[in-house]
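Here is the structure we will look at, set down as structure tokens.
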Amino acid sequence: MDEILRVRDLRLATVDKVLVEGLSFTLSRGERFGLIGESGSGKSLTSLAITGLLPDAIRASGQITLAGEEVVGAPERRLVGLRGNAVATVFQEPLTALDPLMPLGRQIAQPVRRRLLRQGLPATRPDITREVHTLMDQVRLPDPDRLMRAYPHQVSGGQRQRVAIAMALACQPKLLIADEPTTALDVTTQAEIVTLLRSLVTDLGISLLFISHDLAVVGQVAERVMVMRDGHMIEAGPADTVLTRPRDSYTQSLVAAAARFDAALEGDA
Amino acid sequence: MSLISVENVGFAYGTGRAVLEDISFQVPRGANVGLVGESGSGKSTLLRLLLGLETPQKGRILFDGAPLAARDKRFMRGYRTRVQAVFQDPYSSLNPAHRIQRIVTEPLRSLKVAGDHHKMAQAALEAVGLGPDILQRYPRQFSGGQRQRIAIARAIVARPELVLADEAVSALDLSTRVRVVDLFQSISQQMTMIFVSHDMGVVAALCDHMVVLDRGRIVEAGETRAILRNPQHAYTQSLLASIPRMPVPAQI
């Protein structure tokens with residue numbers, strides 16, 4: 001199988017504190033991988049390390065190989081190429097990811113234009129507009145002509161997150177990182193975004209690193225999962241196994257907690 | 001008689017369109033009622049009305065038989081001794097410059113409650129599973145879950161008849177959330193509670209009755225168990241169907 005990402009013995013630390021230690025995992029082409037963790041587990045720092053976006057105060061050691069290139073210790077110039085080309089991220093809050101003063105169409109057009117130029121393709125206005133339309137279609141955004149002219153505050157939270165996903169896909173990344181992409185959304189919208197992410201992986205043949213604290217959501221998205229706590233890997237394996245027959249006591253307590261709310265929903269509380 | 005009776009309430013901010021329309025429901029004394037809805041459902045506005053921060057333009061809210069008069073200072077002083085609130089974010093709801101002692105006894109001082117405030121604070125902390133040793137410490141020394149316990153201790157210290165909780169467990173990690181839900185469950189035995197949340201699972205675990213709101217209207221209300229087992233309204237049905245569930249172990 002094609003390996004898109006290999007993390008080996010990753011360690012992230014500030015001068016006086018170790019934040020992530022001994023983390024190793026791999027992600028294959030077309031795979032949906034879930035990273036589960038509560039606050040302070042190091043799951044988001046891990047995703048920042050993969051994209052080379054760690055704050056200056058945090059030092060990374062170990063290896064992160066992304067699409068054949070080493071990320072740890074790479075100069076910024078190389079990382080800029082890697083971001084977009086190999087990896088793109090969708091964050092929790094689409095409102096902060098989007099420029100409030102720019103129409104949505106132009107926001108999607110920016111990464112499209114950069115990618116066309118990088119690939120040596122024509123990047124005239126009609127070329128870009130055509131690509132933007134294709135992307136909006138891919139993320140199932142309705143009424144593209146109207147939405148292209150709309151500003152972020154004029155559309156719903158779910159539509160904003162679709163725009164953020166379209167911007168991430170505009171670069172044609174091999175790996176899409178989604179860091180709590182549904183946490184700020186209503187459940188009905190969440191269900192739609194989960195369906196969208198799954199179908200994008202299949203349709204585009206990309207890999208997905210899905211980060212969330214919500215076990216049930218991860219269970220819907222990922223084939224394989226890893227549970228993190230306090231910067232360490234606790235347990236990893238097929239999603240169905242880890243979420244139904246966890247071996248570690250911490251994972252067991254998380255699964256029991258989630259199952260309790262599920263039971264309450266069945267009217268069994 | 002119901003402790004809270006919401007009668008045909010309608011509300012709009014300024015001259016905008018109605019945020020709440022024709023809202024009616026009862027909260028019997030001792031009941032735990034969940035107000036469930038997604039963003040834009042009007043649940044937060046309804047909570048503001050119940051807190052007396054806004055006044056309905058149509059209809060009225062009765063508390064223990066008397067209409068809630070948000071602009072009547074004397075009424076509100078009495079109301080605040082009987083109704084307390086717990087909010088979503090324990091990082092912003094506790095004053096970082098004050099010791100826990102001052103934070104938990106605050107309602108007693110501002111409401112001029114008679115008695116030994118220190119002892120009452122100790123009792124409230126004990127009820128939420130925290131020792132008296134924390135009274136001299138500051139909020140920054142506590143985790144999110146512990147802070148929410150402190151906020152709950154502050155809400156119950158003046159022995160209110162009604163606790164209004166606004167997404168009070170939504171900001172907590174799963175393992176912490178379970179424990180704070182347990183805590184709410186134990187204190188809800190002794191008082192009436194209205195629990196506002198977008199999280200149907202939490203409401204299902206905590207509330208015997210629920211009111212489902214969508215775009216400013218009640219779409220369904222009744223016993224929690226009955227609604228969960230047999231939701232009548234299409235919106236409630238789609239809401240329940242959208243909630244992600246844990247995978248079920250394969251049967252062997």
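Lettering and numbering for the structure tokens are positional, with chains as A, B, ... in the shown order, residues counted from 1 in each chain, and ligands counted from 1 in the shown order.
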
Neighbours of Ala168 in chain B within 8 Å (only C-alpha atoms; same-chain residues fewer than 2 positions away dropped), as number ranges by chain?
-> B: 86-89, 148, 165-166, 170-171, 195, 197

Cut-off 9 Å: closest chain A/chain B atom pairs per residue, using only C-alpha atoms, as a Markdown table:
| residue | atom | partner | partner_atom | distance |
| --- | --- | --- | --- | --- |
| A:Glu38 | CA | B:Asp173 | CA | 5.9 |
| A:Ser39 | CA | B:Asp173 | CA | 6.8 |
| A:Leu185 | CA | B:Ser39 | CA | 8.5 |
| A:Asp186 | CA | B:Glu38 | CA | 5.8 |
| A:Val187 | CA | B:Ser242 | CA | 5.8 |
| A:Thr188 | CA | B:Ser242 | CA | 5.2 |
| A:Thr189 | CA | B:Ser242 | CA | 8.4 |
| A:Gln190 | CA | B:Ser242 | CA | 7.9 |
| A:Ala191 | CA | B:Ser242 | CA | 5.8 |
| A:Glu192 | CA | B:Ser242 | CA | 8.8 |
| A:His213 | CA | B:Asp173 | CA | 7.7 |
| A:Asp214 | CA | B:Leu174 | CA | 8.0 |
| A:Leu215 | CA | B:Met246 | CA | 7.0 |
| A:Ala216 | CA | B:Met246 | CA | 4.6 |
| A:Val217 | CA | B:Pro244 | CA | 5.8 |
| A:Gly219 | CA | B:Met246 | CA | 6.6 |
| A:Gln220 | CA | B:Pro244 | CA | 7.3 |
| A:Ala239 | CA | B:Pro247 | CA | 8.7 |
| A:Asp240 | CA | B:Pro247 | CA | 6.6 |
| A:Thr241 | CA | B:Pro249 | CA | 8.2 |
| A:Leu243 | CA | B:Pro247 | CA | 6.8 |
| A:Thr244 | CA | B:Pro249 | CA | 5.2 |
| A:Arg245 | CA | B:Pro249 | CA | 7.5 |
| A:Ser253 | CA | B:Ser175 | CA | 7.3 |
| A:Leu254 | CA | B:Ser175 | CA | 6.2 |
| A:Val255 | CA | B:Met246 | CA | 8.1 |
| A:Ala257 | CA | B:Val178 | CA | 6.2 |
| A:Ala258 | CA | B:Met246 | CA | 7.1 |
| A:Ala259 | CA | B:Met246 | CA | 6.6 |
| A:Arg260 | CA | B:Ala205 | CA | 8.1 |
| A:Phe261 | CA | B:Gly201 | CA | 4.9 |
| A:Asp262 | CA | B:Arg245 | CA | 6.2 |
| A:Ala263 | CA | B:Gly201 | CA | 8.4 |
| A:Ala264 | CA | B:Ala205 | CA | 5.1 |
| A:Leu265 | CA | B:Gly201 | CA | 5.5 |
| A:Glu266 | CA | B:Leu228 | CA | 6.3 |
| A:Gly267 | CA | B:Arg225 | CA | 4.8 |
| A:Asp268 | CA | B:Arg225 | CA | 7.9 |
| A:Ala269 | CA | B:Ala205 | CA | 5.8 |

File of the preceding selection, N, CA, C and O atoms, as a compact mmCIF listing (two decimals), in the first residue's frame:
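Saved as part.txt:
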# COMPACT_ATOMS: atom_id res chain seq x y z
N GLU A 38 -8.84 13.79 24.50
CA GLU A 38 -9.50 14.88 25.21
C GLU A 38 -8.57 16.09 25.19
O GLU A 38 -7.49 16.04 24.60
N SER A 39 -8.98 17.19 25.85
CA SER A 39 -8.12 18.37 25.81
C SER A 39 -6.80 18.06 26.50
O SER A 39 -6.76 17.35 27.50
N LEU A 185 -20.49 22.67 14.92
CA LEU A 185 -21.69 22.61 14.09
C LEU A 185 -22.85 21.91 14.81
O LEU A 185 -22.64 21.09 15.70
N ASP A 186 -24.07 22.21 14.38
CA ASP A 186 -25.24 21.49 14.87
C ASP A 186 -25.18 20.03 14.42
O ASP A 186 -24.54 19.73 13.42
N VAL A 187 -25.87 19.15 15.14
CA VAL A 187 -25.77 17.72 14.80
C VAL A 187 -26.24 17.39 13.40
O VAL A 187 -25.66 16.53 12.73
N THR A 188 -27.32 18.06 12.95
CA THR A 188 -27.81 17.74 11.61
C THR A 188 -26.76 18.13 10.56
O THR A 188 -26.54 17.41 9.59
N THR A 189 -26.10 19.28 10.78
CA THR A 189 -25.05 19.72 9.87
C THR A 189 -23.84 18.82 9.99
O THR A 189 -23.19 18.49 8.99
N GLN A 190 -23.53 18.41 11.22
CA GLN A 190 -22.41 17.53 11.46
C GLN A 190 -22.53 16.25 10.63
O GLN A 190 -21.58 15.80 10.00
N ALA A 191 -23.74 15.69 10.62
CA ALA A 191 -23.97 14.46 9.89
C ALA A 191 -23.67 14.66 8.40
O ALA A 191 -23.09 13.79 7.75
N GLU A 192 -24.04 15.84 7.87
CA GLU A 192 -23.79 16.12 6.45
C GLU A 192 -22.29 16.24 6.16
O GLU A 192 -21.81 15.74 5.13
N HIS A 213 -12.57 14.78 19.66
CA HIS A 213 -12.75 14.27 21.02
C HIS A 213 -13.99 13.38 21.06
O HIS A 213 -14.24 12.70 22.04
N ASP A 214 -14.79 13.40 19.98
CA ASP A 214 -16.09 12.74 19.99
C ASP A 214 -15.97 11.33 19.41
O ASP A 214 -15.84 11.14 18.20
N LEU A 215 -16.02 10.32 20.27
CA LEU A 215 -15.79 8.95 19.86
C LEU A 215 -16.77 8.49 18.79
O LEU A 215 -16.40 7.82 17.83
N ALA A 216 -18.04 8.85 18.97
CA ALA A 216 -19.06 8.38 18.05
C ALA A 216 -18.83 8.95 16.65
O ALA A 216 -18.99 8.24 15.65
N VAL A 217 -18.44 10.23 16.57
CA VAL A 217 -18.18 10.85 15.26
C VAL A 217 -16.98 10.18 14.60
O VAL A 217 -17.02 9.84 13.41
N GLY A 219 -15.98 7.24 15.10
CA GLY A 219 -16.43 5.90 14.69
C GLY A 219 -17.13 5.91 13.35
O GLY A 219 -17.08 4.94 12.60
N GLN A 220 -17.81 7.03 13.04
CA GLN A 220 -18.50 7.12 11.75
C GLN A 220 -17.56 7.42 10.60
O GLN A 220 -17.85 7.11 9.46
N ALA A 239 -11.17 0.82 13.99
CA ALA A 239 -12.14 1.62 14.75
C ALA A 239 -13.15 0.72 15.46
O ALA A 239 -13.46 0.91 16.64
N ASP A 240 -13.66 -0.28 14.74
CA ASP A 240 -14.69 -1.14 15.33
C ASP A 240 -14.18 -1.88 16.55
O ASP A 240 -14.91 -2.07 17.53
N THR A 241 -12.91 -2.30 16.51
CA THR A 241 -12.35 -3.03 17.64
C THR A 241 -12.12 -2.09 18.84
O THR A 241 -12.56 -2.38 19.95
N LEU A 243 -13.38 0.80 19.52
CA LEU A 243 -14.58 1.45 20.06
C LEU A 243 -15.59 0.46 20.65
O LEU A 243 -16.53 0.86 21.33
N THR A 244 -15.44 -0.82 20.36
CA THR A 244 -16.37 -1.78 20.95
C THR A 244 -15.70 -2.71 21.96
O THR A 244 -16.32 -3.15 22.91
N ARG A 245 -14.40 -3.00 21.74
CA ARG A 245 -13.70 -3.87 22.69
C ARG A 245 -12.35 -3.26 23.07
O ARG A 245 -11.30 -3.83 22.78
N SER A 253 -12.99 3.63 29.78
CA SER A 253 -13.80 4.62 30.49
C SER A 253 -14.44 5.59 29.51
O SER A 253 -15.59 6.00 29.68
N LEU A 254 -13.71 5.96 28.44
CA LEU A 254 -14.29 6.86 27.42
C LEU A 254 -15.45 6.18 26.70
O LEU A 254 -16.51 6.78 26.50
N VAL A 255 -15.24 4.92 26.32
CA VAL A 255 -16.28 4.19 25.59
C VAL A 255 -17.52 4.01 26.47
O VAL A 255 -18.66 4.20 26.02
N ALA A 257 -18.47 5.99 28.89
CA ALA A 257 -19.13 7.30 29.02
C ALA A 257 -19.98 7.59 27.79
O ALA A 257 -21.14 8.01 27.90
N ALA A 258 -19.40 7.36 26.60
CA ALA A 258 -20.14 7.62 25.37
C ALA A 258 -21.35 6.70 25.26
O ALA A 258 -22.44 7.11 24.86
N ALA A 259 -21.16 5.44 25.67
CA ALA A 259 -22.25 4.46 25.58
C ALA A 259 -23.39 4.84 26.53
O ALA A 259 -24.56 4.57 26.24
N ARG A 260 -23.03 5.49 27.65
CA ARG A 260 -24.07 5.87 28.60
C ARG A 260 -25.01 6.91 28.00
O ARG A 260 -26.24 6.83 28.17
N PHE A 261 -24.45 7.90 27.28
CA PHE A 261 -25.32 8.90 26.66
C PHE A 261 -26.13 8.27 25.52
O PHE A 261 -27.27 8.65 25.29
N ASP A 262 -25.52 7.31 24.82
CA ASP A 262 -26.26 6.58 23.78
C ASP A 262 -27.46 5.86 24.38
O ASP A 262 -28.56 5.90 23.85
N ALA A 263 -27.20 5.20 25.54
CA ALA A 263 -28.27 4.45 26.19
C ALA A 263 -29.39 5.39 26.63
O ALA A 263 -30.57 5.09 26.49
N ALA A 264 -28.98 6.57 27.14
CA ALA A 264 -29.97 7.57 27.55
C ALA A 264 -30.85 7.97 26.37
O ALA A 264 -32.06 8.16 26.50
N LEU A 265 -30.24 8.06 25.19
CA LEU A 265 -30.99 8.43 24.00
C LEU A 265 -32.00 7.37 23.58
O LEU A 265 -32.98 7.65 22.91
N GLU A 266 -31.72 6.12 23.98
CA GLU A 266 -32.67 5.05 23.67
C GLU A 266 -33.80 5.03 24.70
O GLU A 266 -34.69 4.19 24.63
N GLY A 267 -33.71 5.95 25.68
CA GLY A 267 -34.73 5.99 26.72
C GLY A 267 -34.48 4.98 27.82
O GLY A 267 -35.39 4.62 28.57
N ASP A 268 -33.21 4.54 27.94
CA ASP A 268 -32.88 3.52 28.93
C ASP A 268 -32.24 4.10 30.18
O ASP A 268 -31.78 3.34 31.04
N ALA A 269 -32.12 5.43 30.25
CA ALA A 269 -31.39 6.01 31.38
C ALA A 269 -32.18 5.88 32.68
O ALA A 269 -33.40 5.90 32.66

Shell around Met1 in chain B at 9 Å using only C-alpha atoms, local window under 2 positions removed, as a ChimeraX atom specification = /B:3-5,28-29,64-65

Prev. selection, C-alpha atoms, output as a PDB file, in the first residue's frame:
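Heads up, here's the output in again-v3.pdb:
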ATOM      1  CA  LEU B   3     -42.957  26.669  39.699  1.00  0.00           C
ATOM      2  CA  ILE B   4     -42.476  28.107  36.226  1.00  0.00           C
ATOM      3  CA  SER B   5     -45.266  28.670  33.786  1.00  0.00           C
ATOM      4  CA  PRO B  28     -43.692  21.601  37.964  1.00  0.00           C
ATOM      5  CA  ARG B  29     -41.854  21.991  41.255  1.00  0.00           C
ATOM      6  CA  ASP B  64     -44.562  30.488  41.622  1.00  0.00           C
ATOM      7  CA  GLY B  65     -47.763  32.142  40.416  1.00  0.00           C
TER       8      GLY B  65
END

Exercise: Gln146 in chain B partners within 12 Å, only C-alpha atoms, chain neighbours under 6 positions left out, as a ChimeraX atom specification | /B:89-91,94,100,125,128-131,134,138-140,152-153,169,172-173,176-177,179-180,183

Now that the selection is made, can you save its residues with N, CA and C atoms as a compact mmCIF listing (two decimals), in the first residue's frame?
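Written file, again-v2.txt:
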# COMPACT_ATOMS: atom_id res chain seq x y z
N ASP B 89 -19.23 28.18 30.17
CA ASP B 89 -17.77 28.25 30.20
C ASP B 89 -17.26 28.56 31.61
N PRO B 90 -16.73 27.56 32.32
CA PRO B 90 -16.28 27.80 33.68
C PRO B 90 -15.01 28.65 33.73
N TYR B 91 -14.41 28.92 32.54
CA TYR B 91 -13.22 29.77 32.53
C TYR B 91 -13.59 31.24 32.58
N LEU B 94 -16.00 32.39 36.39
CA LEU B 94 -15.42 32.58 37.72
C LEU B 94 -14.41 33.73 37.64
N ILE B 100 -11.70 31.20 45.91
CA ILE B 100 -12.91 30.39 45.81
C ILE B 100 -13.91 30.77 46.91
N LEU B 125 -19.69 23.22 48.75
CA LEU B 125 -18.54 22.58 48.12
C LEU B 125 -18.56 21.08 48.37
N VAL B 128 -20.73 19.27 46.02
CA VAL B 128 -20.22 19.05 44.66
C VAL B 128 -18.92 18.25 44.68
N GLY B 129 -18.59 17.69 45.84
CA GLY B 129 -17.44 16.78 45.92
C GLY B 129 -16.10 17.47 46.05
N LEU B 130 -16.09 18.70 46.60
CA LEU B 130 -14.82 19.41 46.80
C LEU B 130 -14.62 19.69 48.29
N GLY B 131 -13.37 19.61 48.74
CA GLY B 131 -13.06 19.79 50.16
C GLY B 131 -12.96 21.25 50.54
N ILE B 134 -10.01 24.06 49.55
CA ILE B 134 -9.83 24.83 48.32
C ILE B 134 -10.30 26.28 48.48
N TYR B 138 -7.30 29.97 44.06
CA TYR B 138 -7.83 30.79 42.97
C TYR B 138 -8.30 29.89 41.81
N PRO B 139 -9.24 30.38 40.98
CA PRO B 139 -9.76 29.56 39.87
C PRO B 139 -8.67 28.96 38.98
N ARG B 140 -7.57 29.71 38.75
CA ARG B 140 -6.55 29.21 37.81
C ARG B 140 -5.93 27.90 38.27
N ILE B 152 -21.17 25.33 40.18
CA ILE B 152 -22.40 24.69 40.65
C ILE B 152 -22.56 24.93 42.15
N ALA B 153 -21.44 24.86 42.90
CA ALA B 153 -21.50 25.14 44.34
C ALA B 153 -22.02 26.55 44.58
N VAL B 169 -22.54 21.48 30.63
CA VAL B 169 -21.52 20.44 30.52
C VAL B 169 -20.90 20.38 29.12
N LEU B 172 -17.05 20.61 28.57
CA LEU B 172 -16.21 19.67 29.33
C LEU B 172 -15.84 18.45 28.51
N ASP B 173 -14.66 17.90 28.79
CA ASP B 173 -14.23 16.65 28.17
C ASP B 173 -15.18 15.53 28.57
N THR B 176 -14.90 14.06 32.09
CA THR B 176 -15.35 15.04 33.08
C THR B 176 -16.86 15.24 32.99
N ARG B 177 -17.36 15.25 31.74
CA ARG B 177 -18.77 15.52 31.51
C ARG B 177 -19.64 14.48 32.23
N ARG B 179 -18.98 12.86 34.91
CA ARG B 179 -19.00 13.09 36.36
C ARG B 179 -19.83 14.31 36.73
N VAL B 180 -19.79 15.38 35.89
CA VAL B 180 -20.59 16.56 36.21
C VAL B 180 -22.08 16.27 35.98
N LEU B 183 -23.21 14.67 38.99
CA LEU B 183 -23.39 15.68 40.04
C LEU B 183 -24.73 16.40 39.88

Which polymer residues have any atom within 7 Å of an atom of range 13-29 of chain A, counting only C-alpha atoms, with same-chain residues fewer than 4 positions away left out, as a ChimeraX atom specification?
-> /A:1-9,33,42,57-60,206-207,231-233

For the residues selected in the previous step, produce a file with N, CA and C atoms as a PDB file, in the first residue's frame.
ATOM      1  N   MET A   1       0.830  -1.211   0.000  1.00  0.00           N
ATOM      2  CA  MET A   1       0.000   0.000   0.000  1.00  0.00           C
ATOM      3  C   MET A   1       0.863   1.260   0.000  1.00  0.00           C
ATOM      4  N   ASP A   2       0.384   2.263  -0.687  1.00  0.00           N
ATOM      5  CA  ASP A   2       1.055   3.562  -0.714  1.00  0.00           C
ATOM      6  C   ASP A   2       1.017   4.214   0.646  1.00  0.00           C
ATOM      7  N   GLU A   3       2.169   4.621   1.130  1.00  0.00           N
ATOM      8  CA  GLU A   3       2.204   5.292   2.421  1.00  0.00           C
ATOM      9  C   GLU A   3       2.258   6.796   2.187  1.00  0.00           C
ATOM     10  N   ILE A   4       1.313   7.526   2.776  1.00  0.00           N
ATOM     11  CA  ILE A   4       1.259   8.981   2.614  1.00  0.00           C
ATOM     12  C   ILE A   4       1.986   9.667   3.765  1.00  0.00           C
ATOM     13  N   LEU A   5       1.791   9.114   4.938  1.00  0.00           N
ATOM     14  CA  LEU A   5       2.349   9.750   6.133  1.00  0.00           C
ATOM     15  C   LEU A   5       2.950   8.695   7.046  1.00  0.00           C
ATOM     16  N   ARG A   6       4.167   8.981   7.501  1.00  0.00           N
ATOM     17  CA  ARG A   6       4.779   8.113   8.516  1.00  0.00           C
ATOM     18  C   ARG A   6       5.311   8.982   9.639  1.00  0.00           C
ATOM     19  N   VAL A   7       4.782   8.745  10.838  1.00  0.00           N
ATOM     20  CA  VAL A   7       5.269   9.457  12.021  1.00  0.00           C
ATOM     21  C   VAL A   7       6.023   8.447  12.861  1.00  0.00           C
ATOM     22  N   ARG A   8       7.282   8.780  13.190  1.00  0.00           N
ATOM     23  CA  ARG A   8       8.075   7.812  13.967  1.00  0.00           C
ATOM     24  C   ARG A   8       8.708   8.472  15.168  1.00  0.00           C
ATOM     25  N   ASP A   9       8.344   7.965  16.337  1.00  0.00           N
ATOM     26  CA  ASP A   9       8.939   8.398  17.587  1.00  0.00           C
ATOM     27  C   ASP A   9       8.925   9.920  17.721  1.00  0.00           C
ATOM     28  N   PHE A  33      -8.145   7.870   8.908  1.00  0.00           N
ATOM     29  CA  PHE A  33      -7.523   7.571  10.192  1.00  0.00           C
ATOM     30  C   PHE A  33      -8.050   8.556  11.229  1.00  0.00           C
ATOM     31  N   GLY A  42      -2.664  16.292  23.104  1.00  0.00           N
ATOM     32  CA  GLY A  42      -1.602  16.497  22.119  1.00  0.00           C
ATOM     33  C   GLY A  42      -2.042  16.198  20.695  1.00  0.00           C
ATOM     34  N   ALA A  57       8.072  28.119  20.032  1.00  0.00           N
ATOM     35  CA  ALA A  57       8.519  27.668  21.350  1.00  0.00           C
ATOM     36  C   ALA A  57       8.518  26.140  21.475  1.00  0.00           C
ATOM     37  N   ILE A  58       7.911  25.446  20.512  1.00  0.00           N
ATOM     38  CA  ILE A  58       7.835  23.990  20.611  1.00  0.00           C
ATOM     39  C   ILE A  58       8.825  23.344  19.642  1.00  0.00           C
ATOM     40  N   ARG A  59       9.694  22.498  20.191  1.00  0.00           N
ATOM     41  CA  ARG A  59      10.689  21.802  19.381  1.00  0.00           C
ATOM     42  C   ARG A  59      10.199  20.403  19.054  1.00  0.00           C
ATOM     43  N   ALA A  60      10.339  20.017  17.784  1.00  0.00           N
ATOM     44  CA  ALA A  60       9.964  18.667  17.373  1.00  0.00           C
ATOM     45  C   ALA A  60      11.210  17.838  17.137  1.00  0.00           C
ATOM     46  N   ILE A 206      -7.899  10.542  -1.747  1.00  0.00           N
ATOM     47  CA  ILE A 206      -6.973  11.160  -0.797  1.00  0.00           C
ATOM     48  C   ILE A 206      -7.034  10.419   0.537  1.00  0.00           C
ATOM     49  N   SER A 207      -6.161  10.788   1.479  1.00  0.00           N
ATOM     50  CA  SER A 207      -6.198  10.219   2.816  1.00  0.00           C
ATOM     51  C   SER A 207      -6.754  11.269   3.777  1.00  0.00           C
ATOM     52  N   GLY A 231      -0.256  13.336  25.670  1.00  0.00           N
ATOM     53  CA  GLY A 231       0.880  13.280  24.753  1.00  0.00           C
ATOM     54  C   GLY A 231       1.357  11.897  24.392  1.00  0.00           C
ATOM     55  N   HIS A 232       0.676  10.871  24.862  1.00  0.00           N
ATOM     56  CA  HIS A 232       1.092   9.503  24.570  1.00  0.00           C
ATOM     57  C   HIS A 232       0.003   8.744  23.834  1.00  0.00           C
ATOM     58  N   MET A 233       0.437   7.754  23.043  1.00  0.00           N
ATOM     59  CA  MET A 233      -0.518   6.861  22.425  1.00  0.00           C
ATOM     60  C   MET A 233      -0.984   5.859  23.482  1.00  0.00           C
TER      61      MET A 233
END

Skip Arg217 in chain B itself and residues of its chain fewer than 3 positions away, then list as a PyMOL selection string all residues within 8 Å of it, counting only C-alpha atoms.
-> chain B and resi 20-23+41-42+213-214

Can you spit out the residues from that selection as a PDB file, in the first residue's frame, using N, CA, C and O atoms?
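The resulting file, again.pdb, is reproduced below:
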ATOM      1  N   LEU B  20     -38.788  34.174  19.296  1.00  0.00           N
ATOM      2  CA  LEU B  20     -39.636  33.181  19.955  1.00  0.00           C
ATOM      3  C   LEU B  20     -41.083  33.480  19.611  1.00  0.00           C
ATOM      4  O   LEU B  20     -41.494  34.644  19.602  1.00  0.00           O
ATOM      5  N   GLU B  21     -41.844  32.439  19.327  1.00  0.00           N
ATOM      6  CA  GLU B  21     -43.250  32.647  18.996  1.00  0.00           C
ATOM      7  C   GLU B  21     -44.121  31.642  19.722  1.00  0.00           C
ATOM      8  O   GLU B  21     -43.889  30.428  19.623  1.00  0.00           O
ATOM      9  N   ASP B  22     -45.079  32.176  20.460  1.00  0.00           N
ATOM     10  CA  ASP B  22     -46.106  31.345  21.067  1.00  0.00           C
ATOM     11  C   ASP B  22     -45.531  30.175  21.868  1.00  0.00           C
ATOM     12  O   ASP B  22     -45.884  29.015  21.655  1.00  0.00           O
ATOM     13  N   ILE B  23     -44.625  30.503  22.792  1.00  0.00           N
ATOM     14  CA  ILE B  23     -43.989  29.482  23.618  1.00  0.00           C
ATOM     15  C   ILE B  23     -44.786  29.284  24.907  1.00  0.00           C
ATOM     16  O   ILE B  23     -44.994  30.231  25.663  1.00  0.00           O
ATOM     17  N   SER B  41     -32.491  28.194  17.420  1.00  0.00           N
ATOM     18  CA  SER B  41     -33.772  27.663  17.873  1.00  0.00           C
ATOM     19  C   SER B  41     -34.465  28.623  18.837  1.00  0.00           C
ATOM     20  O   SER B  41     -35.670  28.535  19.042  1.00  0.00           O
ATOM     21  N   GLY B  42     -33.690  29.539  19.441  1.00  0.00           N
ATOM     22  CA  GLY B  42     -34.255  30.468  20.399  1.00  0.00           C
ATOM     23  C   GLY B  42     -34.064  30.024  21.837  1.00  0.00           C
ATOM     24  O   GLY B  42     -34.529  30.675  22.761  1.00  0.00           O
ATOM     25  N   LEU B 213     -37.153  22.774  20.680  1.00  0.00           N
ATOM     26  CA  LEU B 213     -37.374  24.043  19.997  1.00  0.00           C
ATOM     27  C   LEU B 213     -36.751  24.020  18.616  1.00  0.00           C
ATOM     28  O   LEU B 213     -35.658  23.470  18.431  1.00  0.00           O
ATOM     29  N   ASP B 214     -37.451  24.622  17.654  1.00  0.00           N
ATOM     30  CA  ASP B 214     -36.873  24.798  16.323  1.00  0.00           C
ATOM     31  C   ASP B 214     -37.326  26.141  15.777  1.00  0.00           C
ATOM     32  O   ASP B 214     -38.524  26.418  15.710  1.00  0.00           O
TER      33      ASP B 214
END

Any chance you could list, as JSON, numbers by chain, the residues in range 102-180 of chain A that come up alpha helix (DSSP H) when DSSP is run on the backbone?
-> {"A": [104, 105, 106, 107, 108, 109, 110, 111, 112, 113, 114, 115, 116, 117, 118, 125, 126, 127, 128, 129, 130, 131, 132, 133, 134, 135, 136, 137, 138, 144, 145, 146, 147, 148, 149, 157, 158, 159, 160, 161, 162, 163, 164, 165, 166, 167, 168, 169, 170]}

Can you tell me, as a PyMOL selection string, what residues are no more than 8 Å from Arg149 in chain A when counting only C-alpha atoms, ignoring any on the same chain fewer than 5 positions away?
-> chain A and resi 103-105

Those residues with all heavy atoms, as a PDB file, in the first residue's frame please?
ATOM      1  N   PRO A 103     -15.434  38.072  -0.394  1.00  0.00           N
ATOM      2  CA  PRO A 103     -16.472  37.151  -0.879  1.00  0.00           C
ATOM      3  C   PRO A 103     -15.927  35.729  -0.931  1.00  0.00           C
ATOM      4  O   PRO A 103     -14.730  35.524  -1.170  1.00  0.00           O
ATOM      5  CB  PRO A 103     -16.786  37.667  -2.281  1.00  0.00           C
ATOM      6  CG  PRO A 103     -16.258  39.054  -2.326  1.00  0.00           C
ATOM      7  CD  PRO A 103     -15.119  39.123  -1.366  1.00  0.00           C
ATOM      8  N   LEU A 104     -16.811  34.752  -0.709  1.00  0.00           N
ATOM      9  CA  LEU A 104     -16.390  33.354  -0.602  1.00  0.00           C
ATOM     10  C   LEU A 104     -15.698  32.862  -1.876  1.00  0.00           C
ATOM     11  O   LEU A 104     -14.719  32.124  -1.827  1.00  0.00           O
ATOM     12  CB  LEU A 104     -17.597  32.470  -0.289  1.00  0.00           C
ATOM     13  CG  LEU A 104     -18.257  32.775   1.070  1.00  0.00           C
ATOM     14  CD1 LEU A 104     -19.569  32.014   1.211  1.00  0.00           C
ATOM     15  CD2 LEU A 104     -17.310  32.427   2.204  1.00  0.00           C
ATOM     16  N   GLY A 105     -16.203  33.295  -3.044  1.00  0.00           N
ATOM     17  CA  GLY A 105     -15.633  32.859  -4.311  1.00  0.00           C
ATOM     18  C   GLY A 105     -14.159  33.230  -4.413  1.00  0.00           C
ATOM     19  O   GLY A 105     -13.321  32.432  -4.835  1.00  0.00           O
TER      20      GLY A 105
END

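Distances here use only C-alpha atoms; by that measure, the residue among B:Ala114, B:Leu135, B:Met210, B:Val9 closest to Arg99 in chain B is B:Leu135.
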
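Note that CA of Val242 in chain A and CA of Met226 in chain A are 8.4 Å apart.
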